[in-house]
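S.K.: Pasting target-v5.cif here (mmCIF, C-alpha atoms):
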```
data_structure
#
loop_
_atom_site.group_PDB
_atom_site.id
_atom_site.type_symbol
_atom_site.label_atom_id
_atom_site.label_comp_id
_atom_site.auth_asym_id
_atom_site.auth_seq_id
_atom_site.Cartn_x
_atom_site.Cartn_y
_atom_site.Cartn_z
ATOM 1 C CA MET A 570 -82.650 18.555 50.473
ATOM 2 C CA ALA A 571 -82.462 15.351 48.422
ATOM 3 C CA THR A 572 -80.623 14.693 45.193
ATOM 4 C CA VAL A 573 -82.269 13.236 42.108
ATOM 5 C CA ASN A 574 -80.404 9.958 42.655
ATOM 6 C CA TRP A 575 -81.653 9.747 46.247
ATOM 7 C CA CYS A 576 -85.243 10.382 45.113
ATOM 8 C CA GLU A 577 -84.922 7.621 42.517
ATOM 9 C CA CYS A 578 -83.637 5.190 45.167
ATOM 10 C CA PHE A 579 -86.444 6.066 47.590
ATOM 11 C CA PRO A 580 -89.449 7.019 45.435
ATOM 12 C CA ASP A 581 -91.953 6.251 48.212
ATOM 13 C CA ALA A 582 -90.183 8.285 50.905
ATOM 14 C CA VAL A 583 -92.399 10.379 53.161
ATOM 15 C CA ILE A 584 -91.477 12.926 55.837
ATOM 16 C CA TYR A 585 -93.742 13.300 58.846
ATOM 17 C CA ILE A 586 -93.561 16.340 61.115
ATOM 18 C CA LEU A 587 -94.017 15.003 64.635
ATOM 19 C CA PRO A 588 -95.546 16.996 67.484
ATOM 20 C CA ARG A 589 -93.119 18.975 69.594
ATOM 21 C CA HIS A 590 -93.265 18.470 73.314
ATOM 22 C CA ILE A 591 -90.336 20.102 75.054
ATOM 23 C CA SER A 592 -88.264 21.925 72.459
ATOM 24 C CA ASP A 593 -89.386 24.701 70.150
ATOM 25 C CA HIS A 594 -88.180 22.503 67.263
ATOM 26 C CA ALA A 595 -90.470 19.888 65.727
ATOM 27 C CA PRO A 596 -88.853 16.498 65.053
ATOM 28 C CA MET A 597 -89.171 14.976 61.607
ATOM 29 C CA LEU A 598 -89.546 11.291 60.802
ATOM 30 C CA LEU A 599 -88.282 10.107 57.417
ATOM 31 C CA VAL A 600 -89.857 6.843 56.226
ATOM 32 C CA THR A 601 -88.118 5.362 53.186
ATOM 33 C CA GLU A 602 -89.956 2.053 52.914
ATOM 34 C CA VAL A 603 -93.525 1.357 51.951
ATOM 35 C CA PRO A 604 -95.295 0.051 55.054
ATOM 36 C CA TYR A 605 -96.371 -3.575 55.042
ATOM 37 C CA MET A 606 -99.922 -3.827 53.769
ATOM 38 C CA ARG A 607 -102.016 -6.092 55.903
ATOM 39 C CA GLY A 608 -103.702 -8.879 54.040
ATOM 40 C CA SER A 609 -101.198 -9.038 51.201
ATOM 41 C CA ARG A 610 -100.049 -12.548 50.482
ATOM 42 C CA ILE A 611 -96.447 -13.612 50.701
ATOM 43 C CA PHE A 612 -95.070 -14.697 47.358
ATOM 44 C CA ARG A 613 -93.195 -17.985 47.317
ATOM 45 C CA PHE A 614 -91.437 -19.481 44.331
ATOM 46 C CA GLU A 615 -92.168 -23.207 44.329
ATOM 47 C CA ARG A 616 -89.390 -25.636 43.368
ATOM 48 C CA LEU A 617 -91.809 -27.806 41.409
ATOM 49 C CA TRP A 618 -92.361 -24.976 38.943
ATOM 50 C CA PHE A 619 -89.030 -25.945 37.363
ATOM 51 C CA ASP A 620 -90.740 -29.144 36.164
ATOM 52 C CA TYR A 621 -92.898 -27.079 33.772
ATOM 53 C CA PRO A 622 -91.139 -26.105 30.529
ATOM 54 C CA ASP A 623 -93.263 -22.979 29.956
ATOM 55 C CA LEU A 624 -91.959 -21.408 33.188
ATOM 56 C CA TYR A 625 -88.820 -20.209 31.398
ATOM 57 C CA ASN A 626 -90.808 -18.305 28.754
ATOM 58 C CA THR A 627 -92.979 -16.699 31.438
ATOM 59 C CA VAL A 628 -89.923 -15.468 33.339
ATOM 60 C CA VAL A 629 -88.060 -14.222 30.268
ATOM 61 C CA SER A 630 -91.058 -12.433 28.741
ATOM 62 C CA ASN A 631 -91.712 -10.557 31.976
ATOM 63 C CA TRP A 632 -88.086 -9.692 32.711
ATOM 64 C CA VAL A 633 -86.688 -8.387 29.414
ATOM 65 C CA ASN A 634 -88.548 -5.063 29.291
ATOM 66 C CA ARG A 635 -86.486 -2.191 30.637
ATOM 67 C CA GLY A 636 -88.054 0.432 32.797
ATOM 68 C CA THR A 637 -87.311 4.129 32.846
ATOM 69 C CA SER A 638 -86.254 4.600 36.459
ATOM 70 C CA SER A 639 -83.005 3.892 38.268
ATOM 71 C CA PRO A 640 -81.385 0.446 37.989
ATOM 72 C CA MET A 641 -82.766 -0.637 41.378
ATOM 73 C CA GLY A 642 -86.144 0.839 40.459
ATOM 74 C CA ASN A 643 -86.063 -1.251 37.275
ATOM 75 C CA VAL A 644 -85.305 -4.400 39.292
ATOM 76 C CA HIS A 645 -88.153 -3.593 41.677
ATOM 77 C CA HIS A 646 -90.637 -3.063 38.835
ATOM 78 C CA LYS A 647 -89.472 -6.227 37.054
ATOM 79 C CA LEU A 648 -89.859 -8.295 40.226
ATOM 80 C CA CYS A 649 -93.358 -6.934 40.854
ATOM 81 C CA ARG A 650 -94.370 -7.611 37.253
ATOM 82 C CA LEU A 651 -92.839 -11.101 37.388
ATOM 83 C CA GLN A 652 -94.595 -11.913 40.658
ATOM 84 C CA GLY A 653 -98.001 -11.137 39.141
ATOM 85 C CA ALA A 654 -97.176 -13.038 35.966
ATOM 86 C CA LEU A 655 -96.014 -16.111 37.923
ATOM 87 C CA ARG A 656 -99.205 -16.099 40.016
ATOM 88 C CA ARG A 657 -101.324 -15.973 36.847
ATOM 89 C CA TRP A 658 -99.136 -18.643 35.231
ATOM 90 C CA GLN A 659 -99.508 -20.947 38.250
ATOM 91 C CA ARG A 660 -103.299 -20.617 38.246
ATOM 92 C CA SER A 661 -103.513 -21.399 34.537
ATOM 93 C CA SER A 662 -100.793 -24.079 34.289
ATOM 94 C CA ILE A 663 -100.863 -25.839 37.636
ATOM 95 C CA GLY A 664 -104.027 -24.699 39.380
ATOM 96 C CA ASN A 665 -104.324 -24.441 43.118
ATOM 97 C CA LEU A 666 -101.626 -26.838 44.273
ATOM 98 C CA PHE A 667 -102.633 -26.725 47.926
ATOM 99 C CA ASN A 668 -106.183 -27.809 47.073
ATOM 100 C CA ARG A 669 -104.852 -30.622 44.923
ATOM 101 C CA VAL A 670 -102.596 -31.874 47.749
ATOM 102 C CA SER A 671 -105.509 -31.717 50.182
ATOM 103 C CA GLU A 672 -107.728 -33.664 47.787
ATOM 104 C CA ALA A 673 -104.993 -36.292 47.323
ATOM 105 C CA HIS A 674 -104.705 -36.669 51.117
ATOM 106 C CA GLN A 675 -108.464 -37.113 51.379
ATOM 107 C CA ARG A 676 -108.503 -39.706 48.601
ATOM 108 C CA LEU A 677 -105.731 -41.721 50.259
ATOM 109 C CA ASP A 678 -107.543 -41.549 53.615
ATOM 110 C CA GLU A 679 -110.770 -42.778 51.993
ATOM 111 C CA VAL A 680 -109.050 -45.739 50.332
ATOM 112 C CA ILE A 681 -107.292 -46.696 53.563
ATOM 113 C CA LYS A 682 -110.578 -46.535 55.502
ATOM 114 C CA PHE A 683 -112.271 -48.814 52.972
ATOM 115 C CA GLU A 684 -109.300 -51.164 53.099
ATOM 116 C CA GLN A 685 -109.420 -51.362 56.888
ATOM 117 C CA ASN A 686 -113.123 -52.296 56.859
ATOM 118 C CA ASP A 687 -112.729 -55.010 54.247
ATOM 119 C CA VAL A 688 -111.325 -58.475 54.868
ATOM 120 C CA ASN A 689 -109.863 -58.765 51.361
ATOM 121 C CA MET A 690 -107.156 -56.063 51.519
ATOM 122 C CA VAL A 691 -105.403 -57.227 48.346
ATOM 123 C CA ASP A 692 -108.171 -55.682 46.224
ATOM 124 C CA TYR A 693 -107.366 -52.225 47.563
ATOM 125 C CA MET A 694 -103.587 -52.305 47.087
ATOM 126 C CA PRO A 695 -103.643 -50.839 43.533
ATOM 127 C CA GLN A 696 -105.913 -48.000 44.722
ATOM 128 C CA ILE A 697 -103.703 -47.317 47.748
ATOM 129 C CA ARG A 698 -100.592 -47.345 45.568
ATOM 130 C CA SER A 699 -102.236 -45.041 43.033
ATOM 131 C CA ALA A 700 -103.401 -42.587 45.713
ATOM 132 C CA SER A 701 -99.960 -42.656 47.383
ATOM 133 C CA ASN A 702 -98.177 -42.029 44.089
ATOM 134 C CA ARG A 703 -100.495 -39.128 43.289
ATOM 135 C CA LEU A 704 -99.818 -37.531 46.665
ATOM 136 C CA ALA A 705 -96.056 -38.069 46.342
ATOM 137 C CA ALA A 706 -96.074 -36.526 42.871
ATOM 138 C CA LEU A 707 -97.884 -33.432 44.117
#
```
The structure given in the file should be rewritten as structure tokens.
M.R.:
Amino acid sequence: MATVNWCECFPDAVIYILPRHISDHAPMLLVTEVPYMRGSRIFRFERLWFDYPDLYNTVVSNWVNRGTSSPMGNVHHKLCRLQGALRRWQRSSIGNLFNRVSEAHQRLDEVIKFEQNDVNMVDYMPQIRSASNRLAAL
């Protein structure tokens, strides 16, 4: 009861026959979206990625290939492929940014603790400035 175009737009559609309770007709439930998979991570594009010149090549090389399904199916496949490529690119080019920010926070906290325990605070100013700049840059 579906056209080819409809099937291309909803390739993951599933029909469930539900139990009948009162009527002699069984209701059907049409699900057109893939259910959310628990445990999958949300993908976020980070603004700081624009600071890396090789980002452009990663995006272009993973977007130019055409698929064989409908136009929206092609967009979906391109976005999925690009998401995986950008995750791999981030790990290889930037590393785990959240760990680096956490480490920079810890370093700044350590320097400030040393500075608070020492009478001669002037000696620690370059270290505090360096740790602050590192954190701000991240």
S.K.: Just how far from atom CA of Gln652 of chain A is atom CA of Glu577 of chain A, in Å to one decimal?
M.R.: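 Going from atom CA of Glu577 of chain A over to atom CA of Gln652 of chain A, I get 21.9 Å.
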S.K.: Evaluate the PyMOL selection byres ((chain A and resi 650) around 12) here and jot the selected residues down as JSON, numbers by chain.
M.R.: {"A": [627, 628, 629, 630, 631, 632, 633, 634, 635, 636, 643, 644, 645, 646, 647, 648, 649, 651, 652, 653, 654, 655, 656, 657]}
S.K.: For each of A:Met597, A:Tyr621, A:Pro640, A:Phe614, take the minimum atom-to-atom distance to Cys578 of chain A, counting only C-alpha atoms, then give the residue where this is smallest.
M.R.: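 Closest to Cys578 of chain A, using only C-alpha atoms: A:Pro640.
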S.K.: Enter the distance from atom CA of Phe667 of chain A to atom CA of Pro695 of chain A, in Å, rounded to one decimal.
M.R.: 24.5 Å
S.K.: For Glu679 of chain A, which residue among A:Ser701, A:Gln659, A:Asn665, A:Ser638 is the nearest when counting all atoms listed in the file?
M.R.: A:Ser701
S.K.: Atom CA of Trp618 of chain A to atom CA of Ser662 of chain A: how many Å, to one decimal?
M.R.: 9.7 Å
S.K.: Counting all atoms listed in the file, which residue out of A:Ile697, A:Leu617, A:Met641, A:Ile611 sits closest to Cys576 of chain A?
M.R.: A:Met641
S.K.: List the neighbours of Ala582 of chain A out to 9 Å using only C-alpha atoms; skip same-chain residues closer than 5 positions along the sequence, and give me the result as a PDB file with C-alpha atoms, in the coordinates of the input.
M.R.:
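Final file, result-v8.pdb:
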```
ATOM      1  CA  CYS A 576     -85.243  10.382  45.113  1.00  0.00           C
ATOM      2  CA  LEU A 599     -88.282  10.107  57.417  1.00  0.00           C
ATOM      3  CA  VAL A 600     -89.857   6.843  56.226  1.00  0.00           C
ATOM      4  CA  THR A 601     -88.118   5.362  53.186  1.00  0.00           C
ATOM      5  CA  GLU A 602     -89.956   2.053  52.914  1.00  0.00           C
ATOM      6  CA  VAL A 603     -93.525   1.357  51.951  1.00  0.00           C
TER       7      VAL A 603
END
```
S.K.: Taking all listed atoms of segment 700-706 of chain A, build the axis-aligned box, pad each of the six sides by 6 Å, then write its centre and edge lengths in Å to one decimal as AutoDock Vina command-line options.
M.R.:
```
--center_x -99.7 --center_y -39.6 --center_z 45.1 --size_x 19.3 --size_y 18.1 --size_z 16.5
```
S.K.: Take the PyMOL selection byres ((chain A and resi 670-677) around 7), apply it to the structure above, and return the hits as a ChimeraX atom specification.
M.R.: /A:666-669,678-681,697,700-701,703-704,707
S.K.: I would like the residues chosen by the PyMOL selection byres ((chain A and resi 585) around 7) on the shown file; could you give them as a PDB file with C-alpha atoms, in the frame of the given file?
M.R.:
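See selection-v5.pdb below for the written result:
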```pdb
ATOM      1  CA  VAL A 583     -92.399  10.379  53.161  1.00  0.00           C
ATOM      2  CA  ILE A 584     -91.477  12.926  55.837  1.00  0.00           C
ATOM      3  CA  ILE A 586     -93.561  16.340  61.115  1.00  0.00           C
ATOM      4  CA  LEU A 587     -94.017  15.003  64.635  1.00  0.00           C
ATOM      5  CA  MET A 597     -89.171  14.976  61.607  1.00  0.00           C
ATOM      6  CA  LEU A 598     -89.546  11.291  60.802  1.00  0.00           C
ATOM      7  CA  LEU A 599     -88.282  10.107  57.417  1.00  0.00           C
TER       8      LEU A 599
END
```
S.K.: Would you mind exporting chain A with C-alpha atoms, as an mmCIF file, in the first residue's frame?
M.R.:
```
data_model
loop_
_atom_site.group_PDB
_atom_site.id
_atom_site.type_symbol
_atom_site.label_atom_id
_atom_site.label_comp_id
_atom_site.auth_asym_id
_atom_site.auth_seq_id
_atom_site.Cartn_x
_atom_site.Cartn_y
_atom_site.Cartn_z
ATOM 1 C CA MET A 570 0.000 0.000 0.000
ATOM 2 C CA ALA A 571 3.046 2.269 -0.274
ATOM 3 C CA THR A 572 4.587 3.830 -3.346
ATOM 4 C CA VAL A 573 8.254 3.508 -4.240
ATOM 5 C CA ASN A 574 8.798 7.174 -3.349
ATOM 6 C CA TRP A 575 7.211 6.666 0.076
ATOM 7 C CA CYS A 576 9.415 3.617 0.727
ATOM 8 C CA GLU A 577 12.499 5.634 -0.215
ATOM 9 C CA CYS A 578 11.490 8.422 2.191
ATOM 10 C CA PHE A 579 10.843 5.976 5.039
ATOM 11 C CA PRO A 580 13.236 3.051 4.492
ATOM 12 C CA ASP A 581 13.131 2.002 8.161
ATOM 13 C CA ALA A 582 9.332 1.980 8.450
ATOM 14 C CA VAL A 583 7.807 -0.923 10.359
ATOM 15 C CA ILE A 584 4.161 -1.907 10.836
ATOM 16 C CA TYR A 585 3.139 -3.580 14.075
ATOM 17 C CA ILE A 586 -0.144 -5.461 14.400
ATOM 18 C CA LEU A 587 -1.453 -4.618 17.859
ATOM 19 C CA PRO A 588 -3.655 -6.926 19.920
ATOM 20 C CA ARG A 589 -7.377 -6.484 19.466
ATOM 21 C CA HIS A 590 -9.442 -6.000 22.567
ATOM 22 C CA ILE A 591 -12.983 -4.981 21.733
ATOM 23 C CA SER A 592 -13.372 -4.971 17.965
ATOM 24 C CA ASP A 593 -12.863 -7.868 15.588
ATOM 25 C CA HIS A 594 -10.355 -5.643 13.747
ATOM 26 C CA ALA A 595 -6.718 -5.504 14.839
ATOM 27 C CA PRO A 596 -5.190 -2.010 14.977
ATOM 28 C CA MET A 597 -1.925 -1.373 13.180
ATOM 29 C CA LEU A 598 0.866 0.918 14.333
ATOM 30 C CA LEU A 599 3.097 2.435 11.653
ATOM 31 C CA VAL A 600 6.512 3.559 12.928
ATOM 32 C CA THR A 601 8.444 5.642 10.401
ATOM 33 C CA GLU A 602 11.420 6.669 12.520
ATOM 34 C CA VAL A 603 14.252 4.587 13.859
ATOM 35 C CA PRO A 604 13.865 4.456 17.641
ATOM 36 C CA TYR A 605 16.462 6.260 19.715
ATOM 37 C CA MET A 606 19.238 3.857 20.620
ATOM 38 C CA ARG A 607 20.187 4.115 24.239
ATOM 39 C CA GLY A 608 23.827 4.782 24.858
ATOM 40 C CA SER A 609 24.495 6.482 21.539
ATOM 41 C CA ARG A 610 26.358 9.728 21.926
ATOM 42 C CA ILE A 611 24.985 13.032 20.761
ATOM 43 C CA PHE A 612 27.075 14.561 18.015
ATOM 44 C CA ARG A 613 28.003 18.204 18.460
ATOM 45 C CA PHE A 614 29.898 20.315 15.971
ATOM 46 C CA GLU A 615 32.371 22.433 17.924
ATOM 47 C CA ARG A 616 32.955 26.048 16.859
ATOM 48 C CA LEU A 617 36.683 25.756 17.504
ATOM 49 C CA TRP A 618 36.974 23.213 14.704
ATOM 50 C CA PHE A 619 36.859 26.147 12.273
ATOM 51 C CA ASP A 620 40.311 27.129 13.581
ATOM 52 C CA TYR A 621 41.801 24.000 11.960
ATOM 53 C CA PRO A 622 42.472 24.349 8.220
ATOM 54 C CA ASP A 623 42.163 20.607 7.502
ATOM 55 C CA LEU A 624 38.510 20.616 8.628
ATOM 56 C CA TYR A 625 37.406 21.870 5.207
ATOM 57 C CA ASN A 626 39.065 18.958 3.379
ATOM 58 C CA THR A 627 37.514 16.460 5.797
ATOM 59 C CA VAL A 628 34.030 17.861 5.194
ATOM 60 C CA VAL A 629 34.382 18.102 1.417
ATOM 61 C CA SER A 630 35.892 14.631 0.983
ATOM 62 C CA ASN A 631 33.059 13.044 2.951
ATOM 63 C CA TRP A 632 30.252 15.033 1.340
ATOM 64 C CA VAL A 633 30.954 14.891 -2.404
ATOM 65 C CA ASN A 634 30.106 11.223 -2.996
ATOM 66 C CA ARG A 635 26.563 10.730 -4.228
ATOM 67 C CA GLY A 636 24.474 7.904 -2.939
ATOM 68 C CA THR A 637 21.981 5.818 -4.850
ATOM 69 C CA SER A 638 18.825 6.454 -2.844
ATOM 70 C CA SER A 639 16.395 9.356 -2.784
ATOM 71 C CA PRO A 640 17.696 12.916 -2.324
ATOM 72 C CA MET A 641 16.799 12.920 1.385
ATOM 73 C CA GLY A 642 18.282 9.439 1.734
ATOM 74 C CA ASN A 643 21.493 10.776 0.180
ATOM 75 C CA VAL A 644 21.568 13.661 2.675
ATOM 76 C CA HIS A 645 21.007 11.232 5.545
ATOM 77 C CA HIS A 646 23.821 8.931 4.400
ATOM 78 C CA LYS A 647 26.173 11.878 3.829
ATOM 79 C CA LEU A 648 25.468 13.264 7.303
ATOM 80 C CA CYS A 649 26.069 9.875 8.931
ATOM 81 C CA ARG A 650 29.311 9.417 6.999
ATOM 82 C CA LEU A 651 30.412 12.971 7.834
ATOM 83 C CA GLN A 652 29.631 12.511 11.524
ATOM 84 C CA GLY A 653 31.911 9.469 11.733
ATOM 85 C CA ALA A 654 34.632 11.197 9.736
ATOM 86 C CA LEU A 655 34.499 14.309 11.954
ATOM 87 C CA ARG A 656 34.750 12.183 15.113
ATOM 88 C CA ARG A 657 37.819 10.404 13.713
ATOM 89 C CA TRP A 658 39.266 13.732 12.548
ATOM 90 C CA GLN A 659 38.786 15.286 16.000
ATOM 91 C CA ARG A 660 40.527 12.382 17.734
ATOM 92 C CA SER A 661 43.494 12.553 15.371
ATOM 93 C CA SER A 662 43.784 16.348 14.981
ATOM 94 C CA ILE A 663 42.631 17.751 18.298
ATOM 95 C CA GLY A 664 42.459 14.825 20.698
ATOM 96 C CA ASN A 665 40.029 14.666 23.560
ATOM 97 C CA LEU A 666 39.257 18.332 24.121
ATOM 98 C CA PHE A 667 37.325 17.770 27.334
ATOM 99 C CA ASN A 668 40.294 15.983 28.912
ATOM 100 C CA ARG A 669 42.604 18.775 27.830
ATOM 101 C CA VAL A 670 40.323 21.425 29.383
ATOM 102 C CA SER A 671 40.128 19.413 32.599
ATOM 103 C CA GLU A 672 43.914 19.077 32.721
ATOM 104 C CA ALA A 673 44.308 22.833 32.138
ATOM 105 C CA HIS A 674 41.901 23.539 35.025
ATOM 106 C CA GLN A 675 43.890 21.220 37.275
ATOM 107 C CA ARG A 676 47.181 22.852 36.303
ATOM 108 C CA LEU A 677 45.828 26.333 37.044
ATOM 109 C CA ASP A 678 44.465 25.144 40.405
ATOM 110 C CA GLU A 679 47.854 23.638 41.304
ATOM 111 C CA VAL A 680 49.731 26.839 40.461
ATOM 112 C CA ILE A 681 47.273 28.956 42.442
ATOM 113 C CA LYS A 682 47.587 26.647 45.468
ATOM 114 C CA PHE A 683 51.380 26.908 45.369
ATOM 115 C CA GLU A 684 51.113 30.671 44.997
ATOM 116 C CA GLN A 685 48.816 30.962 48.005
ATOM 117 C CA ASN A 686 51.243 29.011 50.218
ATOM 118 C CA ASP A 687 54.273 31.045 49.209
ATOM 119 C CA VAL A 688 55.108 34.522 50.463
ATOM 120 C CA ASN A 689 56.814 35.539 47.211
ATOM 121 C CA MET A 690 53.814 35.546 44.834
ATOM 122 C CA VAL A 691 55.646 37.407 42.064
ATOM 123 C CA ASP A 692 57.564 34.232 41.170
ATOM 124 C CA TYR A 693 54.335 32.439 40.306
ATOM 125 C CA MET A 694 52.771 35.129 38.107
ATOM 126 C CA PRO A 695 54.289 33.832 34.822
ATOM 127 C CA GLN A 696 53.067 30.300 35.632
ATOM 128 C CA ILE A 697 49.588 31.562 36.532
ATOM 129 C CA ARG A 698 49.444 33.638 33.355
ATOM 130 C CA SER A 699 50.632 30.694 31.268
ATOM 131 C CA ALA A 700 48.095 28.305 32.822
ATOM 132 C CA SER A 701 45.298 30.881 32.409
ATOM 133 C CA ASN A 702 46.186 31.490 28.767
ATOM 134 C CA ARG A 703 46.249 27.756 28.071
ATOM 135 C CA LEU A 704 42.807 27.314 29.605
ATOM 136 C CA ALA A 705 41.409 30.325 27.726
ATOM 137 C CA ALA A 706 42.810 29.006 24.452
ATOM 138 C CA LEU A 707 41.173 25.621 24.968
#
```
